[in-house]
>>> print(open('final08.txt').read())   # compact mmCIF, N, CA and C atoms
# COMPACT_ATOMS: atom_id res chain seq x y z
N MET A 1380 0.83 -1.19 0.00
CA MET A 1380 0.00 0.00 0.00
C MET A 1380 0.87 1.25 0.00
N ILE A 1381 0.42 2.23 -0.70
CA ILE A 1381 1.08 3.53 -0.70
C ILE A 1381 0.17 4.48 0.08
N LYS A 1382 0.73 5.06 1.14
CA LYS A 1382 -0.06 5.93 2.03
C LYS A 1382 0.35 7.38 1.86
N PHE A 1383 -0.65 8.22 1.82
CA PHE A 1383 -0.45 9.67 1.83
C PHE A 1383 -1.32 10.25 2.91
N GLU A 1384 -0.74 11.16 3.65
CA GLU A 1384 -1.50 11.82 4.71
C GLU A 1384 -1.65 13.28 4.35
N ASN A 1385 -2.88 13.79 4.48
CA ASN A 1385 -3.11 15.21 4.26
C ASN A 1385 -4.05 15.72 5.34
N HIS A 1386 -4.50 16.94 5.20
CA HIS A 1386 -5.35 17.55 6.22
C HIS A 1386 -6.72 16.88 6.34
N LEU A 1387 -7.12 16.11 5.35
CA LEU A 1387 -8.41 15.43 5.39
C LEU A 1387 -8.32 14.02 5.98
N GLY A 1388 -7.12 13.46 6.01
CA GLY A 1388 -6.95 12.10 6.53
C GLY A 1388 -5.87 11.36 5.78
N VAL A 1389 -5.99 10.03 5.79
CA VAL A 1389 -5.01 9.16 5.16
C VAL A 1389 -5.61 8.53 3.90
N ILE A 1390 -4.82 8.51 2.84
CA ILE A 1390 -5.24 7.89 1.59
C ILE A 1390 -4.34 6.69 1.35
N ASP A 1391 -4.95 5.51 1.18
CA ASP A 1391 -4.22 4.28 0.88
C ASP A 1391 -4.58 3.83 -0.53
N ILE A 1392 -3.57 3.62 -1.36
CA ILE A 1392 -3.79 3.08 -2.71
C ILE A 1392 -2.83 1.91 -2.88
N SER A 1393 -3.33 0.83 -3.43
CA SER A 1393 -2.50 -0.37 -3.57
C SER A 1393 -1.37 -0.14 -4.58
N LYS A 1394 -0.25 -0.81 -4.33
CA LYS A 1394 0.87 -0.72 -5.26
C LYS A 1394 0.49 -1.32 -6.61
N ASP A 1395 -0.39 -2.32 -6.60
CA ASP A 1395 -0.84 -2.93 -7.85
C ASP A 1395 -1.49 -1.90 -8.77
N TYR A 1396 -2.28 -0.99 -8.18
CA TYR A 1396 -2.91 0.06 -8.99
C TYR A 1396 -1.85 0.92 -9.66
N PHE A 1397 -0.86 1.37 -8.87
CA PHE A 1397 0.19 2.21 -9.45
C PHE A 1397 1.00 1.46 -10.49
N VAL A 1398 1.32 0.20 -10.22
CA VAL A 1398 2.11 -0.59 -11.16
C VAL A 1398 1.36 -0.75 -12.48
N ASN A 1399 0.07 -1.05 -12.42
CA ASN A 1399 -0.71 -1.18 -13.65
C ASN A 1399 -0.84 0.15 -14.38
N LEU A 1400 -1.05 1.23 -13.65
CA LEU A 1400 -1.16 2.56 -14.25
C LEU A 1400 0.14 2.94 -14.95
N VAL A 1401 1.25 2.77 -14.27
CA VAL A 1401 2.56 3.11 -14.83
C VAL A 1401 2.90 2.16 -15.98
N GLY A 1402 2.65 0.87 -15.79
CA GLY A 1402 2.96 -0.11 -16.83
C GLY A 1402 2.25 0.17 -18.14
N GLU A 1403 0.98 0.50 -18.06
CA GLU A 1403 0.22 0.83 -19.27
C GLU A 1403 0.79 2.07 -19.95
N ALA A 1404 1.18 3.06 -19.17
CA ALA A 1404 1.74 4.28 -19.75
C ALA A 1404 3.07 3.99 -20.45
N VAL A 1405 3.89 3.15 -19.84
CA VAL A 1405 5.23 2.86 -20.39
C VAL A 1405 5.14 2.04 -21.67
N VAL A 1406 4.40 0.94 -21.65
CA VAL A 1406 4.39 0.06 -22.81
C VAL A 1406 3.73 0.70 -24.02
N ASN A 1407 2.98 1.78 -23.83
CA ASN A 1407 2.37 2.48 -24.95
C ASN A 1407 3.25 3.60 -25.50
N CYS A 1408 4.45 3.77 -24.95
CA CYS A 1408 5.39 4.78 -25.47
C CYS A 1408 6.15 4.21 -26.67
N PHE A 1409 6.38 5.05 -27.66
CA PHE A 1409 7.12 4.65 -28.84
C PHE A 1409 8.54 4.24 -28.46
N GLY A 1410 9.00 3.14 -29.02
CA GLY A 1410 10.38 2.70 -28.81
C GLY A 1410 10.56 1.71 -27.68
N VAL A 1411 9.54 1.53 -26.84
CA VAL A 1411 9.64 0.57 -25.74
C VAL A 1411 9.30 -0.81 -26.28
N ALA A 1412 10.26 -1.73 -26.16
CA ALA A 1412 10.06 -3.08 -26.66
C ALA A 1412 9.56 -4.03 -25.58
N GLY A 1413 9.61 -3.59 -24.33
CA GLY A 1413 9.13 -4.43 -23.24
C GLY A 1413 9.71 -3.98 -21.92
N MET A 1414 9.35 -4.72 -20.89
CA MET A 1414 9.84 -4.44 -19.55
C MET A 1414 10.90 -5.49 -19.21
N ALA A 1415 11.85 -5.10 -18.36
CA ALA A 1415 12.91 -6.01 -17.92
C ALA A 1415 12.76 -6.24 -16.43
N PRO A 1416 13.13 -7.42 -15.94
CA PRO A 1416 13.03 -7.66 -14.50
C PRO A 1416 13.91 -6.68 -13.73
N SER A 1417 13.38 -6.14 -12.63
CA SER A 1417 14.15 -5.17 -11.86
C SER A 1417 14.85 -5.80 -10.67
N SER A 1418 14.61 -7.08 -10.44
CA SER A 1418 15.25 -7.75 -9.30
C SER A 1418 15.44 -9.22 -9.61
N ALA A 1419 16.23 -9.88 -8.77
CA ALA A 1419 16.46 -11.31 -8.93
C ALA A 1419 15.16 -12.09 -8.74
N GLY A 1420 14.31 -11.62 -7.84
CA GLY A 1420 13.03 -12.29 -7.60
C GLY A 1420 12.15 -12.26 -8.82
N GLN A 1421 12.11 -11.13 -9.51
CA GLN A 1421 11.30 -11.04 -10.73
C GLN A 1421 11.90 -11.92 -11.82
N SER A 1422 13.22 -11.97 -11.91
CA SER A 1422 13.87 -12.80 -12.91
C SER A 1422 13.57 -14.27 -12.68
N LEU A 1423 13.59 -14.71 -11.42
CA LEU A 1423 13.27 -16.10 -11.09
C LEU A 1423 11.82 -16.41 -11.43
N ARG A 1424 10.91 -15.50 -11.10
CA ARG A 1424 9.50 -15.69 -11.41
C ARG A 1424 9.29 -15.83 -12.92
N ASP A 1425 10.04 -15.03 -13.71
CA ASP A 1425 9.92 -15.11 -15.16
C ASP A 1425 10.34 -16.48 -15.68
N ARG A 1426 11.37 -17.05 -15.09
CA ARG A 1426 11.84 -18.36 -15.54
C ARG A 1426 10.84 -19.45 -15.18
N ILE A 1427 10.21 -19.32 -14.04
CA ILE A 1427 9.22 -20.31 -13.61
C ILE A 1427 7.97 -20.23 -14.47
N PHE A 1428 7.49 -19.01 -14.70
CA PHE A 1428 6.26 -18.81 -15.47
C PHE A 1428 6.58 -18.29 -16.86
N ARG A 1429 7.44 -18.98 -17.57
CA ARG A 1429 7.89 -18.56 -18.89
C ARG A 1429 6.71 -18.38 -19.84
N GLY A 1430 6.77 -17.31 -20.62
CA GLY A 1430 5.72 -17.06 -21.60
C GLY A 1430 4.64 -16.12 -21.07
N ARG A 1431 4.65 -15.83 -19.80
CA ARG A 1431 3.66 -14.91 -19.23
C ARG A 1431 4.29 -13.54 -19.12
N GLU A 1432 3.74 -12.56 -19.79
CA GLU A 1432 4.26 -11.19 -19.73
C GLU A 1432 3.50 -10.43 -18.66
N ASP A 1433 4.15 -10.20 -17.54
CA ASP A 1433 3.52 -9.45 -16.46
C ASP A 1433 3.87 -7.98 -16.61
N ILE A 1434 2.85 -7.15 -16.49
CA ILE A 1434 3.07 -5.72 -16.67
C ILE A 1434 3.85 -5.13 -15.50
N ASP A 1435 3.84 -5.81 -14.34
CA ASP A 1435 4.55 -5.28 -13.19
C ASP A 1435 6.05 -5.53 -13.25
N LYS A 1436 6.47 -6.29 -14.22
CA LYS A 1436 7.90 -6.57 -14.36
C LYS A 1436 8.64 -5.27 -14.64
N GLY A 1437 9.64 -4.97 -13.84
CA GLY A 1437 10.47 -3.81 -14.09
C GLY A 1437 9.96 -2.51 -13.52
N ILE A 1438 8.96 -2.54 -12.65
CA ILE A 1438 8.40 -1.30 -12.09
C ILE A 1438 8.49 -1.35 -10.57
N ARG A 1439 9.00 -0.27 -10.00
CA ARG A 1439 9.05 -0.14 -8.54
C ARG A 1439 8.55 1.25 -8.18
N VAL A 1440 7.58 1.31 -7.28
CA VAL A 1440 7.00 2.58 -6.84
C VAL A 1440 7.21 2.70 -5.33
N ARG A 1441 7.75 3.83 -4.89
CA ARG A 1441 7.93 4.06 -3.46
C ARG A 1441 7.66 5.53 -3.14
N VAL A 1442 7.51 5.81 -1.86
CA VAL A 1442 7.18 7.17 -1.41
C VAL A 1442 8.36 7.74 -0.65
N ARG A 1443 8.71 8.98 -0.99
CA ARG A 1443 9.73 9.74 -0.27
C ARG A 1443 9.22 11.15 -0.08
N ASN A 1444 9.17 11.59 1.16
CA ASN A 1444 8.74 12.95 1.48
C ASN A 1444 7.39 13.30 0.85
N GLN A 1445 6.45 12.37 0.95
CA GLN A 1445 5.09 12.56 0.43
C GLN A 1445 5.03 12.72 -1.09
N LYS A 1446 6.04 12.25 -1.79
CA LYS A 1446 6.06 12.26 -3.25
C LYS A 1446 6.47 10.88 -3.73
N LEU A 1447 6.04 10.52 -4.93
CA LEU A 1447 6.36 9.21 -5.49
C LEU A 1447 7.70 9.22 -6.21
N VAL A 1448 8.42 8.13 -6.07
CA VAL A 1448 9.64 7.87 -6.83
C VAL A 1448 9.38 6.58 -7.59
N ILE A 1449 9.50 6.63 -8.91
CA ILE A 1449 9.17 5.49 -9.76
C ILE A 1449 10.42 5.06 -10.52
N ASP A 1450 10.78 3.76 -10.37
CA ASP A 1450 11.90 3.18 -11.10
C ASP A 1450 11.35 2.26 -12.18
N LEU A 1451 11.88 2.40 -13.39
CA LEU A 1451 11.44 1.60 -14.53
C LEU A 1451 12.64 0.93 -15.18
N HIS A 1452 12.53 -0.36 -15.43
CA HIS A 1452 13.56 -1.11 -16.15
C HIS A 1452 12.93 -1.56 -17.46
N ILE A 1453 13.48 -1.06 -18.57
CA ILE A 1453 12.84 -1.32 -19.87
C ILE A 1453 13.82 -1.90 -20.88
N LEU A 1454 13.25 -2.44 -21.93
CA LEU A 1454 13.97 -2.85 -23.12
C LEU A 1454 13.54 -1.92 -24.24
N VAL A 1455 14.49 -1.46 -25.05
CA VAL A 1455 14.16 -0.54 -26.14
C VAL A 1455 14.27 -1.26 -27.48
N ALA A 1456 13.59 -0.73 -28.45
CA ALA A 1456 13.65 -1.25 -29.81
C ALA A 1456 14.93 -0.76 -30.47
N TYR A 1457 15.57 -1.64 -31.20
CA TYR A 1457 16.82 -1.31 -31.89
C TYR A 1457 16.59 -0.16 -32.88
N GLY A 1458 17.51 0.80 -32.87
CA GLY A 1458 17.47 1.89 -33.83
C GLY A 1458 16.69 3.11 -33.38
N THR A 1459 16.17 3.11 -32.16
CA THR A 1459 15.43 4.27 -31.68
C THR A 1459 16.34 5.16 -30.84
N ASN A 1460 15.99 6.41 -30.76
CA ASN A 1460 16.76 7.39 -30.01
C ASN A 1460 16.46 7.21 -28.52
N ILE A 1461 17.44 6.74 -27.78
CA ILE A 1461 17.23 6.42 -26.36
C ILE A 1461 16.90 7.67 -25.56
N SER A 1462 17.55 8.77 -25.84
CA SER A 1462 17.28 10.01 -25.11
C SER A 1462 15.83 10.45 -25.30
N ALA A 1463 15.33 10.35 -26.52
CA ALA A 1463 13.94 10.73 -26.80
C ALA A 1463 12.96 9.78 -26.11
N ILE A 1464 13.29 8.49 -26.10
CA ILE A 1464 12.43 7.51 -25.43
C ILE A 1464 12.32 7.82 -23.94
N VAL A 1465 13.46 8.08 -23.31
CA VAL A 1465 13.49 8.35 -21.87
C VAL A 1465 12.70 9.62 -21.54
N LYS A 1466 12.87 10.66 -22.33
CA LYS A 1466 12.10 11.90 -22.11
C LYS A 1466 10.61 11.65 -22.26
N SER A 1467 10.23 10.89 -23.28
CA SER A 1467 8.83 10.59 -23.51
C SER A 1467 8.23 9.79 -22.36
N ILE A 1468 8.94 8.76 -21.91
CA ILE A 1468 8.46 7.93 -20.80
C ILE A 1468 8.33 8.76 -19.53
N THR A 1469 9.35 9.53 -19.23
CA THR A 1469 9.34 10.35 -18.01
C THR A 1469 8.15 11.29 -18.00
N HIS A 1470 7.92 11.98 -19.12
CA HIS A 1470 6.81 12.92 -19.21
C HIS A 1470 5.46 12.20 -19.10
N LYS A 1471 5.31 11.10 -19.86
CA LYS A 1471 4.02 10.40 -19.88
C LYS A 1471 3.68 9.78 -18.53
N VAL A 1472 4.67 9.17 -17.88
CA VAL A 1472 4.42 8.54 -16.57
C VAL A 1472 4.07 9.60 -15.53
N ARG A 1473 4.84 10.68 -15.49
CA ARG A 1473 4.58 11.75 -14.53
C ARG A 1473 3.17 12.33 -14.74
N PHE A 1474 2.84 12.64 -15.98
CA PHE A 1474 1.54 13.21 -16.29
C PHE A 1474 0.40 12.26 -15.93
N THR A 1475 0.53 10.99 -16.33
CA THR A 1475 -0.53 10.01 -16.08
C THR A 1475 -0.77 9.81 -14.60
N VAL A 1476 0.30 9.62 -13.83
CA VAL A 1476 0.15 9.38 -12.39
C VAL A 1476 -0.43 10.60 -11.69
N GLU A 1477 0.08 11.78 -12.00
CA GLU A 1477 -0.41 12.99 -11.34
C GLU A 1477 -1.86 13.28 -11.72
N GLU A 1478 -2.23 13.03 -12.98
CA GLU A 1478 -3.60 13.28 -13.41
C GLU A 1478 -4.58 12.29 -12.79
N LYS A 1479 -4.22 11.01 -12.76
CA LYS A 1479 -5.14 9.97 -12.28
C LYS A 1479 -5.24 9.91 -10.76
N THR A 1480 -4.15 10.26 -10.05
CA THR A 1480 -4.15 10.10 -8.59
C THR A 1480 -4.10 11.41 -7.83
N GLY A 1481 -3.57 12.46 -8.43
CA GLY A 1481 -3.40 13.72 -7.72
C GLY A 1481 -2.14 13.75 -6.87
N PHE A 1482 -1.36 12.66 -6.85
CA PHE A 1482 -0.12 12.60 -6.08
C PHE A 1482 1.03 13.13 -6.92
N GLN A 1483 1.93 13.85 -6.28
CA GLN A 1483 3.08 14.40 -6.99
C GLN A 1483 4.15 13.33 -7.20
N VAL A 1484 4.79 13.39 -8.35
CA VAL A 1484 5.88 12.48 -8.67
C VAL A 1484 7.18 13.26 -8.54
N ALA A 1485 8.04 12.81 -7.64
CA ALA A 1485 9.32 13.48 -7.43
C ALA A 1485 10.31 13.11 -8.53
N ARG A 1486 10.37 11.81 -8.86
CA ARG A 1486 11.34 11.34 -9.85
C ARG A 1486 10.78 10.16 -10.61
N VAL A 1487 11.17 10.07 -11.88
CA VAL A 1487 10.95 8.88 -12.68
C VAL A 1487 12.32 8.47 -13.19
N ASN A 1488 12.83 7.36 -12.66
CA ASN A 1488 14.15 6.84 -13.04
C ASN A 1488 13.95 5.76 -14.08
N VAL A 1489 14.55 5.93 -15.26
CA VAL A 1489 14.41 4.96 -16.34
C VAL A 1489 15.77 4.29 -16.56
N PHE A 1490 15.77 2.97 -16.45
CA PHE A 1490 16.98 2.17 -16.66
C PHE A 1490 16.79 1.35 -17.93
N ILE A 1491 17.70 1.52 -18.88
CA ILE A 1491 17.66 0.75 -20.12
C ILE A 1491 18.46 -0.52 -19.87
N ASP A 1492 17.76 -1.65 -19.80
CA ASP A 1492 18.41 -2.92 -19.46
C ASP A 1492 18.73 -3.78 -20.68
N GLY A 1493 18.30 -3.35 -21.85
CA GLY A 1493 18.60 -4.15 -23.04
C GLY A 1493 17.93 -3.57 -24.26
N MET A 1494 18.20 -4.25 -25.38
CA MET A 1494 17.67 -3.80 -26.66
C MET A 1494 17.14 -5.02 -27.41
N ARG A 1495 16.05 -4.83 -28.12
CA ARG A 1495 15.48 -5.91 -28.93
C ARG A 1495 15.47 -5.50 -30.39
N THR A 1496 15.73 -6.49 -31.23
CA THR A 1496 15.57 -6.27 -32.67
C THR A 1496 14.19 -6.81 -33.03
N ASP A 1497 13.76 -6.64 -34.26
CA ASP A 1497 12.39 -7.00 -34.66
C ASP A 1497 12.03 -8.45 -34.39
N GLY A 1498 12.91 -9.39 -34.61
CA GLY A 1498 12.57 -10.80 -34.50
C GLY A 1498 12.60 -11.37 -33.09
N GLN A 1499 13.06 -10.62 -32.10
CA GLN A 1499 13.19 -11.16 -30.75
C GLN A 1499 11.93 -10.98 -29.95
N SER A 1500 11.75 -11.86 -28.96
CA SER A 1500 10.65 -11.70 -28.02
C SER A 1500 11.11 -11.96 -26.62
>>> encode(input="final08.txt", output="structure tokens")
Amino acid sequence: MIKFENHLGVIDISKDYFVNLVGEAVVNCFGVAGMAPSSAGQSLRDRIFRGREDIDKGIRVRVRNQKLVIDLHILVAYGTNISAIVKSITHKVRFTVEEKTGFQVARVNVFIDGMRTDGQS
């Protein structure tokens, strides 16, 4: 759960909601070929459940000083401008989360963990 406290009380939103919200925003950005595991646990889960593409793979959401910090581990499509992809993802994720939840995003950290060519999956 992600908790925010304000003058009206406490707001609890599940991490699953944020992960799905962020995941949908990321995979719909141009140049993103997929998500990469962000931890050894996610990598092990991928090997066990091979063939299942989980949208939560590669996403970590945490709270610092009443603001969200979002870490993304992605795979990019070969031949795309990485700088442009990162700017696009950062803008889209920040906008989507702030618009849908009203919570401020302090940082969106994008880690490029690999590259895919057309024939790879």
>>> residues_around(input="final08.txt", residues="Ile1449 (chain A)", least_positions_apart="5", cutoff="6 Å", atoms="only C-alpha atoms", output="list in words")
Arg1439, Val1440 and Val1487 of chain A
>>> residues_around(input="final08.txt", residues="Lys1471 (chain A)", least_positions_apart="2", cutoff="12 Å", atoms="only C-alpha atoms", output="list of chain:residue names")
A:Leu1400, A:Val1401, A:Gly1402, A:Glu1403, A:Ala1404, A:Val1405, A:Val1406, A:Asn1407, A:Cys1408, A:Phe1409, A:Ile1464, A:Val1465, A:Lys1466, A:Ser1467, A:Ile1468, A:Thr1469, A:Arg1473, A:Phe1474, A:Thr1475, A:Val1476, A:Glu1477, A:Glu1478, A:Lys1479, A:Val1484, A:Val1487
>>> residues_around(input="final08.txt", residues="region 1380-1388 of chain A", least_positions_apart="2", cutoff="8 Å", atoms="only C-alpha atoms", output="ChimeraX atom specification")
/A:1390-1394,1441-1442,1445
>>> write_last_selection(input="final08.txt", atoms="N, CA and C atoms", output="compact mmCIF listing (two decimals), keeping the file's coordinate frame")
# COMPACT_ATOMS: atom_id res chain seq x y z
N ILE A 1390 -4.82 8.51 2.84
CA ILE A 1390 -5.24 7.89 1.59
C ILE A 1390 -4.34 6.69 1.35
N ASP A 1391 -4.95 5.51 1.18
CA ASP A 1391 -4.22 4.28 0.88
C ASP A 1391 -4.58 3.83 -0.53
N ILE A 1392 -3.57 3.62 -1.36
CA ILE A 1392 -3.79 3.08 -2.71
C ILE A 1392 -2.83 1.91 -2.88
N SER A 1393 -3.33 0.83 -3.43
CA SER A 1393 -2.50 -0.37 -3.57
C SER A 1393 -1.37 -0.14 -4.58
N LYS A 1394 -0.25 -0.81 -4.33
CA LYS A 1394 0.87 -0.72 -5.26
C LYS A 1394 0.49 -1.32 -6.61
N ARG A 1441 7.75 3.83 -4.89
CA ARG A 1441 7.93 4.06 -3.46
C ARG A 1441 7.66 5.53 -3.14
N VAL A 1442 7.51 5.81 -1.86
CA VAL A 1442 7.18 7.17 -1.41
C VAL A 1442 8.36 7.74 -0.65
N GLN A 1445 6.45 12.37 0.95
CA GLN A 1445 5.09 12.56 0.43
C GLN A 1445 5.03 12.72 -1.09
>>> select_by_dssp(input="final08.txt", residues="chain A", states="alpha helix (DSSP H)", output="number ranges by chain")
A: 1394-1406, 1419-1427, 1461-1480
>>> atom_distance(input="final08.txt", atom1="atom C of Thr1496 (chain A)", atom2="atom N of Ile1461 (chain A)")
14.9 Å
>>> residues_near_point(input="final08.txt", point="(16.4, -4.9, -14.5)", cutoff="6.5 Å", atoms="only N, CA and C atoms", output="list of chain:residue names")
A:Ala1415, A:Pro1416, A:Ser1417, A:Ser1418, A:Gly1437, A:His1452, A:Ile1453, A:Asp1492
>>> select_by_dssp(input="final08.txt", residues="chain A", states="strand (DSSP E or B)", output="mmCIF file with N, CA and C atoms, in the coordinates of the input")
data_model
loop_
_atom_site.group_PDB
_atom_site.id
_atom_site.type_symbol
_atom_site.label_atom_id
_atom_site.label_comp_id
_atom_site.auth_asym_id
_atom_site.auth_seq_id
_atom_site.Cartn_x
_atom_site.Cartn_y
_atom_site.Cartn_z
ATOM 1 N N ILE A 1381 0.420 2.230 -0.700
ATOM 2 C CA ILE A 1381 1.080 3.530 -0.700
ATOM 3 C C ILE A 1381 0.170 4.480 0.080
ATOM 4 N N LYS A 1382 0.730 5.060 1.140
ATOM 5 C CA LYS A 1382 -0.060 5.930 2.030
ATOM 6 C C LYS A 1382 0.350 7.380 1.860
ATOM 7 N N PHE A 1383 -0.650 8.220 1.820
ATOM 8 C CA PHE A 1383 -0.450 9.670 1.830
ATOM 9 C C PHE A 1383 -1.320 10.250 2.910
ATOM 10 N N GLU A 1384 -0.740 11.160 3.650
ATOM 11 C CA GLU A 1384 -1.500 11.820 4.710
ATOM 12 C C GLU A 1384 -1.650 13.280 4.350
ATOM 13 N N ASN A 1385 -2.880 13.790 4.480
ATOM 14 C CA ASN A 1385 -3.110 15.210 4.260
ATOM 15 C C ASN A 1385 -4.050 15.720 5.340
ATOM 16 N N GLY A 1388 -7.120 13.460 6.010
ATOM 17 C CA GLY A 1388 -6.950 12.100 6.530
ATOM 18 C C GLY A 1388 -5.870 11.360 5.780
ATOM 19 N N VAL A 1389 -5.990 10.030 5.790
ATOM 20 C CA VAL A 1389 -5.010 9.160 5.160
ATOM 21 C C VAL A 1389 -5.610 8.530 3.900
ATOM 22 N N ILE A 1390 -4.820 8.510 2.840
ATOM 23 C CA ILE A 1390 -5.240 7.890 1.590
ATOM 24 C C ILE A 1390 -4.340 6.690 1.350
ATOM 25 N N ASP A 1391 -4.950 5.510 1.180
ATOM 26 C CA ASP A 1391 -4.220 4.280 0.880
ATOM 27 C C ASP A 1391 -4.580 3.830 -0.530
ATOM 28 N N ILE A 1392 -3.570 3.620 -1.360
ATOM 29 C CA ILE A 1392 -3.790 3.080 -2.710
ATOM 30 C C ILE A 1392 -2.830 1.910 -2.880
ATOM 31 N N VAL A 1411 9.540 1.530 -26.840
ATOM 32 C CA VAL A 1411 9.640 0.570 -25.740
ATOM 33 C C VAL A 1411 9.300 -0.810 -26.280
ATOM 34 N N ALA A 1412 10.260 -1.730 -26.160
ATOM 35 C CA ALA A 1412 10.060 -3.080 -26.660
ATOM 36 C C ALA A 1412 9.560 -4.030 -25.580
ATOM 37 N N GLY A 1413 9.610 -3.590 -24.330
ATOM 38 C CA GLY A 1413 9.130 -4.430 -23.240
ATOM 39 C C GLY A 1413 9.710 -3.980 -21.920
ATOM 40 N N MET A 1414 9.350 -4.720 -20.890
ATOM 41 C CA MET A 1414 9.840 -4.440 -19.550
ATOM 42 C C MET A 1414 10.900 -5.490 -19.210
ATOM 43 N N ILE A 1438 8.960 -2.540 -12.650
ATOM 44 C CA ILE A 1438 8.400 -1.300 -12.090
ATOM 45 C C ILE A 1438 8.490 -1.350 -10.570
ATOM 46 N N ARG A 1439 9.000 -0.270 -10.000
ATOM 47 C CA ARG A 1439 9.050 -0.140 -8.540
ATOM 48 C C ARG A 1439 8.550 1.250 -8.180
ATOM 49 N N VAL A 1440 7.580 1.310 -7.280
ATOM 50 C CA VAL A 1440 7.000 2.580 -6.840
ATOM 51 C C VAL A 1440 7.210 2.700 -5.330
ATOM 52 N N ARG A 1441 7.750 3.830 -4.890
ATOM 53 C CA ARG A 1441 7.930 4.060 -3.460
ATOM 54 C C ARG A 1441 7.660 5.530 -3.140
ATOM 55 N N VAL A 1442 7.510 5.810 -1.860
ATOM 56 C CA VAL A 1442 7.180 7.170 -1.410
ATOM 57 C C VAL A 1442 8.360 7.740 -0.650
ATOM 58 N N ARG A 1443 8.710 8.980 -0.990
ATOM 59 C CA ARG A 1443 9.730 9.740 -0.270
ATOM 60 C C ARG A 1443 9.220 11.150 -0.080
ATOM 61 N N LYS A 1446 6.040 12.250 -1.790
ATOM 62 C CA LYS A 1446 6.060 12.260 -3.250
ATOM 63 C C LYS A 1446 6.470 10.880 -3.730
ATOM 64 N N LEU A 1447 6.040 10.520 -4.930
ATOM 65 C CA LEU A 1447 6.360 9.210 -5.490
ATOM 66 C C LEU A 1447 7.700 9.220 -6.210
ATOM 67 N N VAL A 1448 8.420 8.130 -6.070
ATOM 68 C CA VAL A 1448 9.640 7.870 -6.830
ATOM 69 C C VAL A 1448 9.380 6.580 -7.590
ATOM 70 N N ILE A 1449 9.500 6.630 -8.910
ATOM 71 C CA ILE A 1449 9.170 5.490 -9.760
ATOM 72 C C ILE A 1449 10.420 5.060 -10.520
ATOM 73 N N ASP A 1450 10.780 3.760 -10.370
ATOM 74 C CA ASP A 1450 11.900 3.180 -11.100
ATOM 75 C C ASP A 1450 11.350 2.260 -12.180
ATOM 76 N N LEU A 1451 11.880 2.400 -13.390
ATOM 77 C CA LEU A 1451 11.440 1.600 -14.530
ATOM 78 C C LEU A 1451 12.640 0.930 -15.180
ATOM 79 N N HIS A 1452 12.530 -0.360 -15.430
ATOM 80 C CA HIS A 1452 13.560 -1.110 -16.150
ATOM 81 C C HIS A 1452 12.930 -1.560 -17.460
ATOM 82 N N ILE A 1453 13.480 -1.060 -18.570
ATOM 83 C CA ILE A 1453 12.840 -1.320 -19.870
ATOM 84 C C ILE A 1453 13.820 -1.900 -20.880
ATOM 85 N N LEU A 1454 13.250 -2.440 -21.930
ATOM 86 C CA LEU A 1454 13.970 -2.850 -23.120
ATOM 87 C C LEU A 1454 13.540 -1.920 -24.240
ATOM 88 N N VAL A 1455 14.490 -1.460 -25.050
ATOM 89 C CA VAL A 1455 14.160 -0.540 -26.140
ATOM 90 C C VAL A 1455 14.270 -1.260 -27.480
ATOM 91 N N ALA A 1456 13.590 -0.730 -28.450
ATOM 92 C CA ALA A 1456 13.650 -1.250 -29.810
ATOM 93 C C ALA A 1456 14.930 -0.760 -30.470
ATOM 94 N N VAL A 1484 4.790 13.390 -8.350
ATOM 95 C CA VAL A 1484 5.880 12.480 -8.670
ATOM 96 C C VAL A 1484 7.180 13.260 -8.540
ATOM 97 N N ALA A 1485 8.040 12.810 -7.640
ATOM 98 C CA ALA A 1485 9.320 13.480 -7.430
ATOM 99 C C ALA A 1485 10.310 13.110 -8.530
ATOM 100 N N ARG A 1486 10.370 11.810 -8.860
ATOM 101 C CA ARG A 1486 11.340 11.340 -9.850
ATOM 102 C C ARG A 1486 10.780 10.160 -10.610
ATOM 103 N N VAL A 1487 11.170 10.070 -11.880
ATOM 104 C CA VAL A 1487 10.950 8.880 -12.680
ATOM 105 C C VAL A 1487 12.320 8.470 -13.190
ATOM 106 N N ASN A 1488 12.830 7.360 -12.660
ATOM 107 C CA ASN A 1488 14.150 6.840 -13.040
ATOM 108 C C ASN A 1488 13.950 5.760 -14.080
ATOM 109 N N VAL A 1489 14.550 5.930 -15.260
ATOM 110 C CA VAL A 1489 14.410 4.960 -16.340
ATOM 111 C C VAL A 1489 15.770 4.290 -16.560
ATOM 112 N N PHE A 1490 15.770 2.970 -16.450
ATOM 113 C CA PHE A 1490 16.980 2.170 -16.660
ATOM 114 C C PHE A 1490 16.790 1.350 -17.930
ATOM 115 N N ILE A 1491 17.700 1.520 -18.880
ATOM 116 C CA ILE A 1491 17.660 0.750 -20.120
ATOM 117 C C ILE A 1491 18.460 -0.520 -19.870
ATOM 118 N N ASP A 1492 17.760 -1.650 -19.800
ATOM 119 C CA ASP A 1492 18.410 -2.920 -19.460
ATOM 120 C C ASP A 1492 18.730 -3.780 -20.680
ATOM 121 N N GLY A 1493 18.300 -3.350 -21.850
ATOM 122 C CA GLY A 1493 18.600 -4.150 -23.040
ATOM 123 C C GLY A 1493 17.930 -3.570 -24.260
ATOM 124 N N MET A 1494 18.200 -4.250 -25.380
ATOM 125 C CA MET A 1494 17.670 -3.800 -26.660
ATOM 126 C C MET A 1494 17.140 -5.020 -27.410
ATOM 127 N N ARG A 1495 16.050 -4.830 -28.120
ATOM 128 C CA ARG A 1495 15.480 -5.910 -28.930
ATOM 129 C C ARG A 1495 15.470 -5.500 -30.390
#
>>> atom_distance(input="final08.txt", atom1="atom N of Gln1483 (chain A)", atom2="atom C of Asp1450 (chain A)")
16.1 Å
>>> axis_aligned_box(input="final08.txt", around="region 1480-1495 of chain A", padding_each_side="4 Å", output="lines of an AutoDock Vina configuration file")
center_x = 7.3
center_y = 4.2
center_z = -18.2
size_x = 30.9
size_y = 28.3
size_z = 32.3
>>> closest_residue(input="final08.txt", among="A:Ala1485, A:Asn1444, A:Arg1495, A:Lys1436", to="Gly1458 (chain A)", atoms="all atoms listed in the file")
A:Arg1495
>>> atom_distance(input="final08.txt", atom1="CA of His1470 (chain A)", atom2="atom C of Asp1395 (chain A)")
19.9 Å
